[in-house]
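What follows is one structure encoded as structure tokens, with my remarks underneath.
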Amino acid sequence: MDTTVHSSAPVDIWHPDWNDPFDPTAEAGDEFAELVDAVRAVQEAFTRSRTDPAAARSIAEQLRSVARSLGKYEVGEDDQIAGHRWDLAGRGQALAPPLHIDEVTDTTARGRVTVGRFHAGRYAMNGGVTPLIFDEIMARLANDSGRAWARTAYLTVNFRAPAPLDVELRVEAQYLRRDGRKRFMTGAMYHGDVLVADADGLWIELKAEQTLNISEGRKV
Ligand SMILES: CCCCCCCCCCCC(=O)SCCNC(=O)CCNC(=O)[C@H](O)C(C)(C)COP(=O)(O)OP(=O)(O)OC[C@H]1O[C@@H](n2cnc3c(N)ncnc32)[C@H](O)[C@@H]1OP(=O)(O)O
């Protein structure tokens, strides 16, 4: 079985508003996209497998070898590619479900996502994965259109129906209103016409002193 989780047509959405010091145009090649697809394929194939002890030992050694190879290219967080490729599903961050954001306006965002067993609970999307998807699309909208940097204060998710695996789900977000530094957002996820989850969340605009990189104490 082909366990590759294919990225469909990449979207060309990168917003300088995100204040990302990474230059995406310098890494616009397809090779990194292929690497992310390969990592996702490993995650999916691993989840689907039932290895015998010899195979588990052998494959573990091969994967450690891959990790050593990648380790030679380690850079700081601002310089890594994963999570900064705005044109790729899930920004090229292999933990993130491969969410394709197709459109962002001042007040709405639309996307698509298909998850496999790697992101499954039991026969359906894991309940911790759904908020990851909402956080991604709602945060993207909250921080779009020239708005100052904001972080998630709360995100409440209602699970309305099991979200099926291996089929495309539609995800939408809406910017409801602003109240001082607070930005109120909603989200919804559909399988066809069926609402599988909805969310409401609050994003709060950061004060200057809150925009520090908390790990290194410098501006982000
Ligand atoms: C470069 C690549 C990027 C890559 C970008 C990748 C895209 C994905 C981004 C994902 C986004 C995230 O997950 S962000 C990560 C998850 N979130 C976080 O880590 C945030 C952690 N929390 C915080 O830092 C803080 O709590 C803040 C900044 C959110 C708020 O703190 P604050 O600034 O001190 O807020 P404070 O003055 O107390 O409150 C302001 C107003 O908001 C209200 N308020 C505050 N918190 C809440 C709350 N939980 N629920 C209700 N209301 C609240 C207060 O009552 C007040 O209302 P009033 O009195 O004014 O009426």
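Chain labels follow the order of the structure tokens: the first chain is A, the next B, and so on; residue numbering restarts at 1 in every chain, and ligands are counted from 1 in their shown order.
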When the cut-off is 9 Å and you count only C-alpha atoms and all ligand atoms, which residues lie near ligand 1, shown as a PyMOL selection string? chain A and resi 18-22+78+83-84+86+91+132+135-140+143+150-155+179-182+201-207+210-211+220
Those residues you just picked out, can you put them in a file as a short mmCIF file (atom, residue, chain, number, x, y, z; two decimals), in the first residue's frame with C-alpha atoms?
```
data_model
loop_
_atom_site.label_atom_id
_atom_site.label_comp_id
_atom_site.auth_asym_id
_atom_site.auth_seq_id
_atom_site.Cartn_x
_atom_site.Cartn_y
_atom_site.Cartn_z
CA TRP A 18 3.91 37.08 10.65
CA ASN A 19 7.23 38.73 11.37
CA ASP A 20 9.03 35.56 10.44
CA PRO A 21 12.75 36.28 10.01
CA PHE A 22 13.07 33.24 7.77
CA ASP A 78 14.79 30.80 13.17
CA GLY A 83 7.46 25.28 10.19
CA HIS A 84 8.54 28.22 8.01
CA TRP A 86 4.31 28.95 4.27
CA ARG A 91 4.21 24.83 6.88
CA LEU A 132 -3.90 21.55 16.26
CA ASP A 135 -5.05 26.57 16.10
CA GLU A 136 -3.14 26.65 12.83
CA ILE A 137 -5.88 28.14 10.67
CA MET A 138 -7.40 30.42 13.33
CA ALA A 139 -3.97 31.74 14.34
CA ARG A 140 -3.12 32.36 10.70
CA ASN A 143 -2.41 37.34 12.63
CA ALA A 150 -1.13 37.69 18.78
CA ARG A 151 -1.04 34.42 20.68
CA THR A 152 -3.75 31.92 21.51
CA ALA A 153 -5.25 32.58 24.97
CA TYR A 154 -7.92 29.90 24.77
CA LEU A 155 -9.24 27.48 22.18
CA ASP A 179 -12.12 44.20 21.71
CA GLY A 180 -8.96 46.09 22.64
CA ARG A 181 -6.09 43.57 22.38
CA LYS A 182 -8.54 40.66 22.15
CA GLY A 201 -10.93 30.95 20.47
CA LEU A 202 -9.37 34.12 21.77
CA TRP A 203 -6.13 35.56 20.47
CA ILE A 204 -4.50 38.38 22.40
CA GLU A 205 -2.27 40.95 20.81
CA LEU A 206 1.13 40.89 22.42
CA LYS A 207 2.67 43.85 24.20
CA GLN A 210 5.81 39.80 25.22
CA THR A 211 7.31 39.47 21.74
CA VAL A 220 10.83 37.56 17.51
#
```
Non-local contacts of Ser49 of chain A (12 Å; only C-alpha atoms; under 3 positions in same chain excluded) as a ChimeraX atom specification: /A:1,3,42-46,52,55-56,59,117-118
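Of the residues in segment 34-169 of chain A, those that DSSP places in strand (DSSP E or B) on the basis of the backbone are His100, Ile101, Asp102, Glu103, Val104, Thr108, Ala109, Arg110, Gly111, Arg112, Val113, Ala120, Met125, Ala150, Arg151, Thr152, Ala153, Tyr154, Leu155, Thr156, Val157, Asn158, Phe159 and Leu169 of chain A.
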Produce a file of the selected residues containing C-alpha atoms, as a tab-separated table (two decimals), in the first residue's frame.
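Output file again35.tsv follows:
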```tsv
chain	number	residue	atom	x	y	z
A	100	HIS	CA	-3.56	23.31	3.00
A	101	ILE	CA	-4.71	26.88	3.50
A	102	ASP	CA	-6.32	27.92	0.24
A	103	GLU	CA	-7.57	31.38	1.08
A	104	VAL	CA	-7.18	34.02	3.75
A	108	THR	CA	-12.14	34.42	6.85
A	109	ALA	CA	-9.78	31.55	6.09
A	110	ARG	CA	-10.44	28.31	4.21
A	111	GLY	CA	-8.40	25.14	4.09
A	112	ARG	CA	-8.38	21.38	3.52
A	113	VAL	CA	-6.81	18.55	5.45
A	120	ALA	CA	-5.76	8.79	14.41
A	125	MET	CA	-9.02	11.72	13.98
A	150	ALA	CA	-1.13	37.69	18.78
A	151	ARG	CA	-1.04	34.42	20.68
A	152	THR	CA	-3.75	31.92	21.51
A	153	ALA	CA	-5.25	32.58	24.97
A	154	TYR	CA	-7.92	29.90	24.77
A	155	LEU	CA	-9.24	27.48	22.18
A	156	THR	CA	-12.43	25.54	22.89
A	157	VAL	CA	-13.23	22.65	20.57
A	158	ASN	CA	-16.57	20.83	20.30
A	159	PHE	CA	-16.41	17.39	18.71
A	169	LEU	CA	-12.05	17.60	5.38
```
Atomic distance atom CA of Ala173 of chain A - atom CA of Met185 of chain A, expressed in Å with one decimal: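 Interatomic distance, atom CA of Ala173 of chain A to atom CA of Met185 of chain A: 7.1 Å.
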Using Å and a single decimal, report how far atom CA of Asp166 of chain A sits from atom CA of Tyr123 of chain A.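 Pair atom CA of Tyr123 of chain A / atom CA of Asp166 of chain A returns 10.3 Å.
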